[in-house]
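Reproduced below: start.cif, with mmCIF, C-alpha atoms.
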```cif
data_protein
#
loop_
_atom_site.label_atom_id
_atom_site.label_comp_id
_atom_site.auth_asym_id
_atom_site.auth_seq_id
_atom_site.Cartn_x
_atom_site.Cartn_y
_atom_site.Cartn_z
CA MET A 15 0.00 0.00 0.00
CA ASN A 16 1.15 3.42 -0.80
CA GLU A 17 1.32 5.92 2.03
CA LEU A 18 0.27 8.69 -0.33
CA ASP A 19 -2.86 6.73 -1.29
CA GLU A 20 -3.83 6.52 2.36
CA LYS A 21 -3.26 10.27 2.75
CA LEU A 22 -5.41 10.81 -0.33
CA SER A 23 -8.20 8.79 1.24
CA LEU A 24 -7.88 10.81 4.42
CA VAL A 25 -7.87 14.16 2.62
CA LEU A 26 -11.02 13.16 0.75
CA ASP A 27 -12.86 12.55 4.04
CA ASP A 28 -11.18 14.84 6.50
CA TYR A 29 -9.34 17.72 4.85
CA THR A 30 -7.84 20.23 7.24
CA ASP A 31 -5.87 23.42 6.78
CA ASP A 32 -2.66 21.84 8.04
CA PRO A 33 0.36 21.75 5.70
CA LYS A 34 0.15 17.96 5.33
CA SER A 35 -3.31 18.10 3.80
CA GLN A 36 -2.34 20.99 1.55
CA SER A 37 0.76 19.10 0.46
CA VAL A 38 -1.35 16.08 -0.49
CA LEU A 39 -3.78 18.30 -2.39
CA ASN A 40 -0.88 19.89 -4.23
CA GLU A 41 0.34 16.44 -5.25
CA VAL A 42 -3.13 15.50 -6.47
CA ILE A 43 -3.42 18.64 -8.56
CA GLY A 44 -0.03 17.95 -10.07
CA ASP A 45 -0.55 14.23 -10.74
CA VAL A 46 -3.17 12.97 -13.19
CA ASN A 47 -3.01 9.42 -11.79
CA LEU A 48 -3.84 10.67 -8.32
CA GLN A 49 -6.73 12.65 -9.80
CA TYR A 50 -8.09 9.46 -11.40
CA GLN A 51 -7.66 7.64 -8.12
CA MET A 52 -9.54 10.35 -6.25
CA ARG A 53 -12.24 10.14 -8.89
CA ARG A 54 -12.59 6.38 -8.36
CA TYR A 55 -12.75 6.84 -4.59
CA GLN A 56 -15.56 9.37 -5.06
CA MET A 57 -17.34 7.07 -7.49
CA ILE A 58 -17.28 4.29 -4.90
CA GLY A 59 -19.06 6.61 -2.48
CA ASP A 60 -21.58 7.64 -5.15
CA ILE A 61 -22.34 3.98 -5.92
CA LEU A 62 -22.76 3.08 -2.26
CA ARG A 63 -25.18 5.99 -1.82
CA HIS A 64 -26.99 4.99 -5.02
CA GLU A 65 -26.13 8.36 -6.57
CA LEU A 66 -24.59 7.00 -9.76
CA PRO A 67 -26.83 7.76 -12.79
CA ASP A 68 -28.17 4.91 -14.91
CA HIS A 69 -26.03 6.11 -17.81
CA ILE A 70 -22.73 7.45 -16.67
CA ASN A 71 -20.68 9.69 -18.88
CA LEU A 72 -17.04 8.99 -18.14
CA ASP A 73 -15.97 11.94 -20.27
CA LEU A 74 -18.28 14.51 -18.69
CA SER A 75 -15.59 16.22 -16.64
CA HIS A 76 -13.27 16.18 -19.66
CA GLN A 77 -15.97 17.75 -21.84
CA ILE A 78 -16.69 20.41 -19.23
CA MET A 79 -13.04 21.26 -18.81
CA SER A 80 -12.57 21.43 -22.59
CA LYS A 81 -15.43 23.91 -22.82
CA ILE A 82 -13.92 25.92 -20.00
CA ALA A 83 -10.56 25.86 -21.73
CA GLU A 84 -12.21 27.26 -24.88
CA ILE A 85 -13.81 29.99 -22.79
CA GLU A 86 -10.48 30.79 -21.20
CA VAL A 87 -8.76 31.03 -24.58
CA THR A 88 -11.51 33.28 -25.93
CA ALA A 89 -11.57 35.49 -22.87
CA ASN A 90 -7.81 35.55 -22.21
CA PRO A 91 -5.82 34.60 -25.28
CA PRO A 92 -2.33 33.27 -24.60
CA SER A 93 0.56 35.67 -24.84
CA SER A 94 1.76 34.13 -28.13
CA ALA A 95 -1.64 34.70 -29.73
CA VAL A 96 -1.58 38.23 -28.48
CA GLU A 97 1.78 38.77 -30.08
CA ILE A 98 0.47 37.46 -33.38
CA THR A 99 -2.78 39.35 -33.48
CA GLU A 100 -1.78 42.49 -31.66
CA LYS A 101 1.76 43.70 -32.19
CA LYS A 102 3.14 45.66 -29.32
CA PRO A 103 3.30 49.31 -30.33
CA GLY A 104 6.91 50.25 -31.12
CA PHE A 105 8.62 53.63 -31.41
CA TRP A 106 7.38 54.10 -34.97
CA HIS A 107 3.77 53.51 -33.97
CA TRP A 108 1.48 56.41 -34.92
CA ALA A 109 0.66 56.99 -31.26
CA ASN A 110 4.31 57.80 -30.61
CA LEU A 111 4.89 59.71 -33.85
CA LYS A 112 1.80 61.89 -33.55
CA PRO A 113 3.36 64.51 -31.24
CA LEU A 114 6.56 64.49 -33.31
CA ALA A 115 4.53 65.05 -36.47
CA GLY A 116 2.85 68.00 -34.80
CA PHE A 117 6.21 69.49 -33.91
CA ALA A 118 7.46 68.88 -37.45
CA VAL A 119 4.47 70.66 -38.99
CA ALA A 120 4.83 73.57 -36.57
CA ALA A 121 8.56 73.86 -37.29
CA THR A 122 7.96 73.78 -41.06
CA VAL A 123 5.35 76.51 -40.82
CA ALA A 124 7.72 78.61 -38.69
CA VAL A 125 10.62 78.20 -41.13
CA VAL A 126 8.43 79.06 -44.12
CA SER A 127 7.04 82.10 -42.32
CA VAL A 128 10.49 83.41 -41.41
CA SER A 129 11.77 82.80 -44.93
CA LEU A 130 8.85 84.60 -46.50
CA TRP A 131 9.18 87.49 -44.08
CA GLN A 132 12.87 87.84 -44.81
CA THR A 133 12.23 87.69 -48.56
CA ILE A 134 9.55 90.36 -48.36
CA SER A 135 11.73 92.50 -46.11
CA VAL A 136 14.73 92.26 -48.40
CA SER A 137 12.67 93.04 -51.49
CA SER A 138 11.15 96.07 -49.81
CA GLN A 139 14.60 97.20 -48.77
CA ASN A 140 15.79 96.78 -52.34
CA ASP A 141 12.86 98.80 -53.55
CA GLN A 142 13.70 101.48 -51.04
CA THR A 143 17.35 101.46 -52.15
CA GLN A 144 16.39 101.73 -55.77
CA GLU A 145 14.02 104.54 -54.97
CA GLN A 146 16.74 106.27 -52.99
CA VAL A 147 19.20 105.91 -55.88
CA VAL A 148 16.66 107.26 -58.32
CA SER A 149 15.90 110.18 -56.09
CA ILE A 150 19.58 110.91 -55.59
CA GLU A 151 20.14 110.80 -59.31
CA GLN A 152 17.16 113.05 -59.80
CA GLN A 153 18.59 115.46 -57.27
CA LYS A 154 21.92 115.39 -59.05
CA ILE A 155 20.25 116.16 -62.34
CA GLU A 156 18.23 118.95 -60.82
CA ILE A 157 21.35 120.40 -59.24
CA LEU A 158 23.18 120.11 -62.47
CA ALA A 159 20.35 121.74 -64.34
CA SER A 160 20.23 124.59 -61.90
CA GLN A 161 23.91 125.29 -62.29
CA PRO A 162 24.88 127.83 -64.89
CA LEU A 163 26.80 126.71 -67.91
CA GLN A 164 30.51 126.25 -67.63
CA ILE A 165 32.83 128.88 -68.70
CA ASN A 166 33.88 127.16 -71.83
CA ALA A 167 30.34 127.15 -73.05
CA LEU A 168 29.61 130.72 -72.15
CA PRO A 169 29.39 133.34 -74.81
CA VAL A 170 32.45 135.38 -75.36
CA SER A 171 30.60 138.48 -74.52
CA SER A 172 29.95 137.22 -71.12
CA ASN A 173 33.60 136.45 -70.53
CA ALA A 174 34.32 140.12 -70.27
CA ALA A 175 32.10 140.53 -67.29
CA LEU A 176 33.43 137.50 -65.58
CA SER A 177 37.00 136.96 -64.85
CA MET A 178 38.49 133.53 -64.83
CA ASP A 179 38.81 133.61 -61.10
CA GLU A 180 35.25 134.68 -60.64
CA GLY A 181 33.74 132.12 -63.00
CA THR A 182 30.76 130.11 -61.96
CA ARG A 183 32.65 126.88 -61.95
CA TRP A 184 35.22 128.19 -59.55
CA ARG A 185 32.66 129.83 -57.47
CA THR A 186 30.83 126.56 -57.23
CA GLY A 187 34.02 124.70 -56.44
CA LYS A 188 34.91 127.22 -53.79
CA ASP A 189 31.52 127.60 -52.20
CA SER A 190 30.44 124.00 -52.28
CA PRO A 191 33.21 121.43 -52.63
CA ALA A 192 30.73 118.58 -51.98
CA LEU A 193 28.59 119.72 -54.87
CA GLN A 194 31.67 119.94 -57.03
CA GLN A 195 32.58 116.39 -56.16
CA LYS A 196 29.07 115.20 -56.95
CA LEU A 197 29.14 116.98 -60.22
CA ASN A 198 32.44 115.47 -61.14
CA ALA A 199 31.19 112.01 -60.18
CA TYR A 200 28.11 112.53 -62.29
CA LEU A 201 30.17 113.52 -65.25
CA VAL A 202 32.43 110.51 -64.86
CA ASN A 203 29.46 108.17 -64.53
CA HIS A 204 27.67 109.70 -67.42
CA THR A 205 30.75 109.32 -69.59
CA GLU A 206 31.23 105.69 -68.55
CA TYR A 207 27.62 104.55 -69.05
CA SER A 208 26.69 106.65 -72.06
CA ILE A 209 26.46 104.89 -75.36
CA PRO A 210 29.34 106.02 -77.49
CA MET A 211 28.29 107.34 -80.82
CA GLN A 212 30.68 107.75 -83.65
CA GLY A 213 31.34 111.24 -84.69
CA LEU A 214 29.74 112.70 -81.65
CA ILE A 215 31.62 113.81 -78.63
CA PRO A 216 29.87 113.06 -75.37
CA GLN A 217 28.16 115.98 -73.81
CA ALA A 218 30.19 115.61 -70.68
CA ARG A 219 33.31 116.26 -72.53
CA VAL A 220 31.72 119.25 -74.13
CA ALA A 221 30.46 120.37 -70.74
CA GLY A 222 34.10 120.05 -69.90
CA TYR A 223 36.32 119.96 -67.04
CA ASP A 224 38.90 122.58 -67.60
CA ALA A 225 42.36 122.23 -66.38
CA GLN A 226 43.35 124.62 -63.72
CA PRO A 227 46.63 126.27 -63.22
CA MET B 4 -16.53 19.22 8.42
CA GLY B 5 -13.43 18.24 6.47
CA ILE B 6 -15.34 17.90 3.21
CA ASN B 7 -16.39 21.49 3.36
CA LEU B 8 -12.86 22.62 4.03
CA LEU B 9 -11.69 20.69 0.98
CA ASP B 10 -14.35 22.39 -1.13
CA ALA B 11 -13.38 25.78 0.26
CA GLU B 12 -9.72 25.13 -0.52
CA LEU B 13 -10.52 23.99 -4.05
CA VAL B 14 -12.76 27.02 -4.64
CA LYS B 15 -10.00 29.28 -3.43
CA ARG B 16 -7.59 27.70 -5.86
CA VAL B 17 -10.06 27.99 -8.73
CA GLN B 18 -10.54 31.66 -7.92
CA ALA B 19 -6.76 31.98 -8.08
CA GLY B 20 -6.82 30.54 -11.63
CA ASP B 21 -6.25 26.82 -11.01
CA THR B 22 -8.58 25.03 -13.43
CA THR B 23 -7.43 21.60 -12.24
CA ALA B 24 -8.98 22.37 -8.87
CA PHE B 25 -12.28 22.98 -10.65
CA ASP B 26 -11.84 19.65 -12.45
CA ILE B 27 -11.65 17.95 -9.05
CA LEU B 28 -14.85 19.71 -8.00
CA VAL B 29 -16.53 18.58 -11.22
CA GLN B 30 -15.49 14.97 -10.63
CA LYS B 31 -16.67 15.18 -7.07
CA TYR B 32 -20.15 16.57 -7.78
CA GLN B 33 -20.93 15.55 -11.35
CA HIS B 34 -23.11 12.56 -10.45
CA LYS B 35 -25.02 14.50 -7.82
CA VAL B 36 -25.71 17.30 -10.29
CA VAL B 37 -26.77 14.82 -12.98
CA ASN B 38 -29.24 13.25 -10.54
CA LEU B 39 -30.56 16.66 -9.56
CA VAL B 40 -31.04 17.72 -13.19
CA GLY B 41 -32.57 14.31 -13.92
CA ARG B 42 -35.47 15.28 -11.69
CA PHE B 43 -36.30 18.10 -14.14
CA VAL B 44 -35.40 16.40 -17.42
CA SER B 45 -35.93 12.74 -18.14
CA ASP B 46 -33.83 12.56 -21.27
CA GLN B 47 -30.25 11.53 -20.49
CA ALA B 48 -28.68 13.56 -23.29
CA GLU B 49 -30.48 16.72 -22.24
CA CYS B 50 -29.61 15.95 -18.66
CA TYR B 51 -25.89 15.85 -19.42
CA ASP B 52 -26.08 18.96 -21.59
CA ILE B 53 -27.75 20.87 -18.77
CA THR B 54 -25.23 19.50 -16.27
CA GLN B 55 -22.43 20.69 -18.51
CA ASP B 56 -23.99 24.14 -18.81
CA ALA B 57 -24.49 24.30 -15.06
CA PHE B 58 -20.84 23.57 -14.34
CA ILE B 59 -19.71 26.12 -16.92
CA LYS B 60 -22.00 28.73 -15.36
CA ALA B 61 -20.60 27.83 -11.96
CA TYR B 62 -17.07 28.25 -13.26
CA ARG B 63 -17.91 31.64 -14.74
CA ALA B 64 -19.55 32.77 -11.51
CA ILE B 65 -17.13 31.21 -9.04
CA GLY B 66 -15.24 34.47 -8.75
CA ASN B 67 -18.31 35.91 -7.04
CA PHE B 68 -18.67 32.97 -4.64
CA ARG B 69 -17.75 34.28 -1.17
CA GLY B 70 -18.25 31.08 0.80
CA ASP B 71 -21.31 32.36 2.63
CA SER B 72 -22.94 29.03 1.84
CA GLN B 73 -21.61 25.56 1.11
CA PHE B 74 -20.19 25.20 -2.36
CA TYR B 75 -22.46 22.28 -3.26
CA THR B 76 -25.65 24.15 -2.23
CA TRP B 77 -24.50 27.05 -4.39
CA LEU B 78 -23.75 24.62 -7.24
CA TYR B 79 -27.09 22.84 -6.85
CA ARG B 80 -28.91 26.15 -7.03
CA ILE B 81 -27.16 26.96 -10.29
CA ALA B 82 -27.96 23.51 -11.68
CA ALA B 83 -31.62 23.74 -10.71
CA ASN B 84 -31.98 27.18 -12.26
CA THR B 85 -30.22 26.01 -15.42
CA ALA B 86 -32.63 23.09 -15.73
CA LYS B 87 -35.66 25.32 -15.14
CA ASN B 88 -34.46 27.82 -17.71
CA TYR B 89 -33.88 25.00 -20.17
CA LEU B 90 -37.40 23.72 -19.69
CA ALA B 91 -38.84 27.18 -20.15
CA SER B 92 -36.77 27.69 -23.29
CA ARG B 93 -37.79 24.31 -24.67
CA ALA B 94 -41.45 25.08 -24.02
CA ARG B 95 -41.16 28.28 -26.05
CA LYS B 96 -39.66 26.53 -29.05
CA SER B 97 -41.08 23.04 -28.68
CA PRO B 98 -42.22 22.72 -32.33
CA ALA B 99 -38.63 23.02 -33.48
CA TYR B 100 -37.65 20.18 -31.24
CA THR B 101 -39.48 17.71 -33.48
CA VAL B 102 -37.03 16.09 -35.85
CA ASP B 103 -37.81 13.86 -38.76
CA VAL B 104 -36.53 10.32 -38.57
CA GLU B 105 -34.52 10.82 -41.73
CA ASP B 106 -32.84 13.91 -40.27
CA ALA B 107 -32.15 12.36 -36.89
CA GLU B 108 -28.70 11.20 -37.93
CA HIS B 109 -27.67 14.78 -38.60
CA TYR B 110 -29.59 16.35 -35.74
CA GLU B 111 -27.17 18.10 -33.45
CA GLY B 112 -29.20 17.52 -30.31
CA ALA B 113 -29.13 13.80 -30.83
CA SER B 114 -25.37 13.54 -30.43
CA GLY B 115 -25.63 13.28 -26.68
CA LEU B 116 -28.39 10.76 -26.99
CA LYS B 117 -26.26 8.55 -29.20
CA GLU B 118 -23.32 8.94 -26.86
CA TYR B 119 -24.89 8.32 -23.49
CA ALA B 120 -28.02 6.22 -23.83
CA THR B 121 -26.58 3.24 -25.59
CA PRO B 122 -27.07 -0.30 -24.36
CA GLU B 123 -23.31 -0.58 -24.02
CA ASN B 124 -23.24 2.44 -21.75
CA LEU B 125 -26.12 1.09 -19.71
CA LEU B 126 -24.34 -2.26 -19.35
CA LEU B 127 -21.08 -0.58 -18.37
CA THR B 128 -22.85 1.44 -15.71
CA GLU B 129 -24.53 -1.66 -14.32
CA GLU B 130 -21.26 -3.56 -14.37
CA ILE B 131 -19.52 -0.81 -12.44
CA LYS B 132 -22.23 -0.81 -9.77
CA GLN B 133 -22.27 -4.58 -9.45
CA THR B 134 -18.49 -4.71 -9.23
CA VAL B 135 -18.44 -2.19 -6.39
CA PHE B 136 -21.22 -3.90 -4.48
CA ALA B 137 -19.57 -7.29 -5.01
CA ALA B 138 -16.30 -5.92 -3.73
CA ILE B 139 -18.06 -4.48 -0.69
CA GLU B 140 -19.65 -7.85 0.03
CA GLY B 141 -16.25 -9.50 -0.12
CA LEU B 142 -14.69 -7.13 2.41
CA PRO B 143 -13.99 -8.20 5.98
CA ASP B 144 -16.65 -6.97 8.40
CA ASP B 145 -14.48 -4.29 10.00
CA LEU B 146 -13.62 -2.79 6.63
CA LYS B 147 -17.18 -3.09 5.36
CA SER B 148 -18.54 -1.41 8.49
CA ALA B 149 -16.01 1.40 8.31
CA ILE B 150 -16.60 2.25 4.64
CA THR B 151 -20.38 1.89 5.03
CA LEU B 152 -20.52 4.19 8.06
CA ARG B 153 -18.40 6.71 6.21
CA GLU B 154 -19.95 6.70 2.74
CA ILE B 155 -23.58 5.82 3.41
CA GLU B 156 -24.16 7.20 6.88
CA GLY B 157 -21.79 10.12 6.44
CA LEU B 158 -20.19 9.82 9.87
CA SER B 159 -16.93 11.53 10.68
CA TYR B 160 -13.81 9.59 11.60
CA GLU B 161 -14.32 10.46 15.26
CA GLU B 162 -17.92 9.21 15.18
CA ILE B 163 -16.91 5.99 13.42
CA ALA B 164 -14.15 5.44 15.98
CA GLU B 165 -16.74 5.83 18.72
CA VAL B 166 -19.21 3.47 17.04
CA MET B 167 -16.57 0.84 16.29
CA ASP B 168 -14.76 1.43 19.57
CA CYS B 169 -11.36 1.79 18.01
CA PRO B 170 -8.74 4.55 17.54
CA ILE B 171 -9.18 7.14 14.80
CA GLY B 172 -5.99 5.88 13.18
CA THR B 173 -7.54 2.45 12.86
CA VAL B 174 -10.66 3.95 11.27
CA ARG B 175 -8.51 5.84 8.80
CA SER B 176 -6.64 2.67 7.91
CA ARG B 177 -9.78 0.55 7.56
CA ILE B 178 -11.50 3.05 5.30
CA PHE B 179 -8.45 3.30 3.10
CA ARG B 180 -7.99 -0.48 2.89
CA ALA B 181 -11.65 -0.91 1.93
CA ARG B 182 -11.31 1.71 -0.82
CA ASP B 183 -8.10 0.16 -2.04
CA VAL B 184 -9.70 -3.29 -2.40
CA ILE B 185 -12.71 -1.88 -4.26
CA ASP B 186 -10.49 0.33 -6.40
CA LYS B 187 -8.50 -2.65 -7.59
CA GLU B 188 -11.74 -4.19 -8.90
CA LEU B 189 -13.08 -0.94 -10.33
CA ARG B 190 -10.00 0.36 -12.08
CA PRO B 191 -9.99 -2.10 -15.05
CA LEU B 192 -13.55 -1.08 -15.95
CA LEU B 193 -12.73 2.60 -16.19
CA GLU B 194 -9.45 2.36 -18.06
#
```

Show the structure stored in the file as structure tokens.
Amino acid sequence: MNELDEKLSLVLDDYTDDPKSQSVLNEVIGDVNLQYQMRRYQMIGDILRHELPDHINLDLSHQIMSKIAEIEVTANPPSSAVEITEKKPGFWHWANLKPLAGFAVAATVAVVSVSLWQTISVSSQNDQTQEQVVSIEQQKIEILASQPLQINALPVSSNAALSMDEGTRWRTGKDSPALQQKLNAYLVNHTEYSIPMQGLIPQARVAGYDAQP
Amino acid sequence: MGINLLDAELVKRVQAGDTTAFDILVQKYQHKVVNLVGRFVSDQAECYDITQDAFIKAYRAIGNFRGDSQFYTWLYRIAANTAKNYLASRARKSPAYTVDVEDAEHYEGASGLKEYATPENLLLTEEIKQTVFAAIEGLPDDLKSAITLREIEGLSYEEIAEVMDCPIGTVRSRIFRARDVIDKELRPLLE
């Protein structure tokens, strides 16, 4: 006789909370043969009490536990099935990338805005510069137009009234050296950028810049 | 009583996720539940189907079982309600229950009938009962008295020791030896 079998018989009738009983129950749960033996012991009691049905189903407990196993699988799929059906969200999952995408869109909009603003600003500055140049040129022309003709172009009759030292050109050079410099620069520029024409001396040269002693 | 403590321990283990513990409870109470359901339904196949449903319902609800009552009274209540609900459901759709003879082979509800209520199954059940009773009759008187007082009268080991005027250890040994003798006769029929 096996000592464990006797303990099994005892546990079936008189289970207590002591460690010995729990140890026997643990062995039963872990051993299919002991489970069958416990089942036969219980069947003996059922037969003696006339509780055994007329048609016994030896697979009833197996069928019930199979159904329960199906329920368990449906309710709580094993971890491997979970891995197959539901991949664990990684770094590149949309949930993780969503905030980054928001930042990327915001940064792009910011860069485009700054670039456009700089472009508009630069173009407006260029417009202002061009306008300033035009106005300066206009001023130069007006100044030039307001100046009297140079001595070389004056009539001879007028030369008598005006000495060389008191000529307009010298007076201009003496009174306003800055204006003289602007005038000279204008003449140089005009000579450089004017379209040369054969047989025609540029006006600047006619307007002249006389040599001084 | 020790039986109740065993049930409580098994229920606790089931609630902790041990399905094998529930299997032991099923094996322990399956015949009692079948007999209870058999009082509501005469057909053996339906009886086993309802018993199966009752145990599955019990398993699903066992998380809510707090041990305020005995496990088997709780289980019996579930089984009785399952049988009553089945009868009410069958009454509502009784016309559909009629199956032509030609379709009976393919009728899903007849599977249990074919499986359980065969002459072979009836003979096996009778053979099991006769084997156990024959083994009991062949036991020595002290073993026969001990196992009878325990299984039929439901006495505790202390009460049996008092009736038989022997130590509890002797009662324990006699009950086990009686079971072991019967088990040796029963085992070949179930394997």

Please report the interatomic distance between CA of Ala89 in chain A and CA of Ala61 in chain B in Å with one decimal.
16.1 Å

Write down, as a ChimeraX atom specification, each residue of chain A that has any atom within 9 Å of an atom of chain B, counting only C-alpha atoms.
/A:15,19-31,36,39,43-44,49,51-72,74-79,81-83

Give me the residues near Gly70 in chain B as a PyMOL selection string, where near means some atom within 10 Å (using only C-alpha atoms) and where sequence neighbours in that chain fewer than 4 positions away do not count.
chain B and resi 10-11+14-15+65+74+77

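Straight-line separation from CA of Val174 in chain B to CA of Ala138 in chain B: 18.8 Å.
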
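Each of A:Val38, A:Asp32, A:Trp131, A:Leu111 was compared to Glu17 in chain A using all atoms listed in the file, and A:Val38 turns out to be the nearest.
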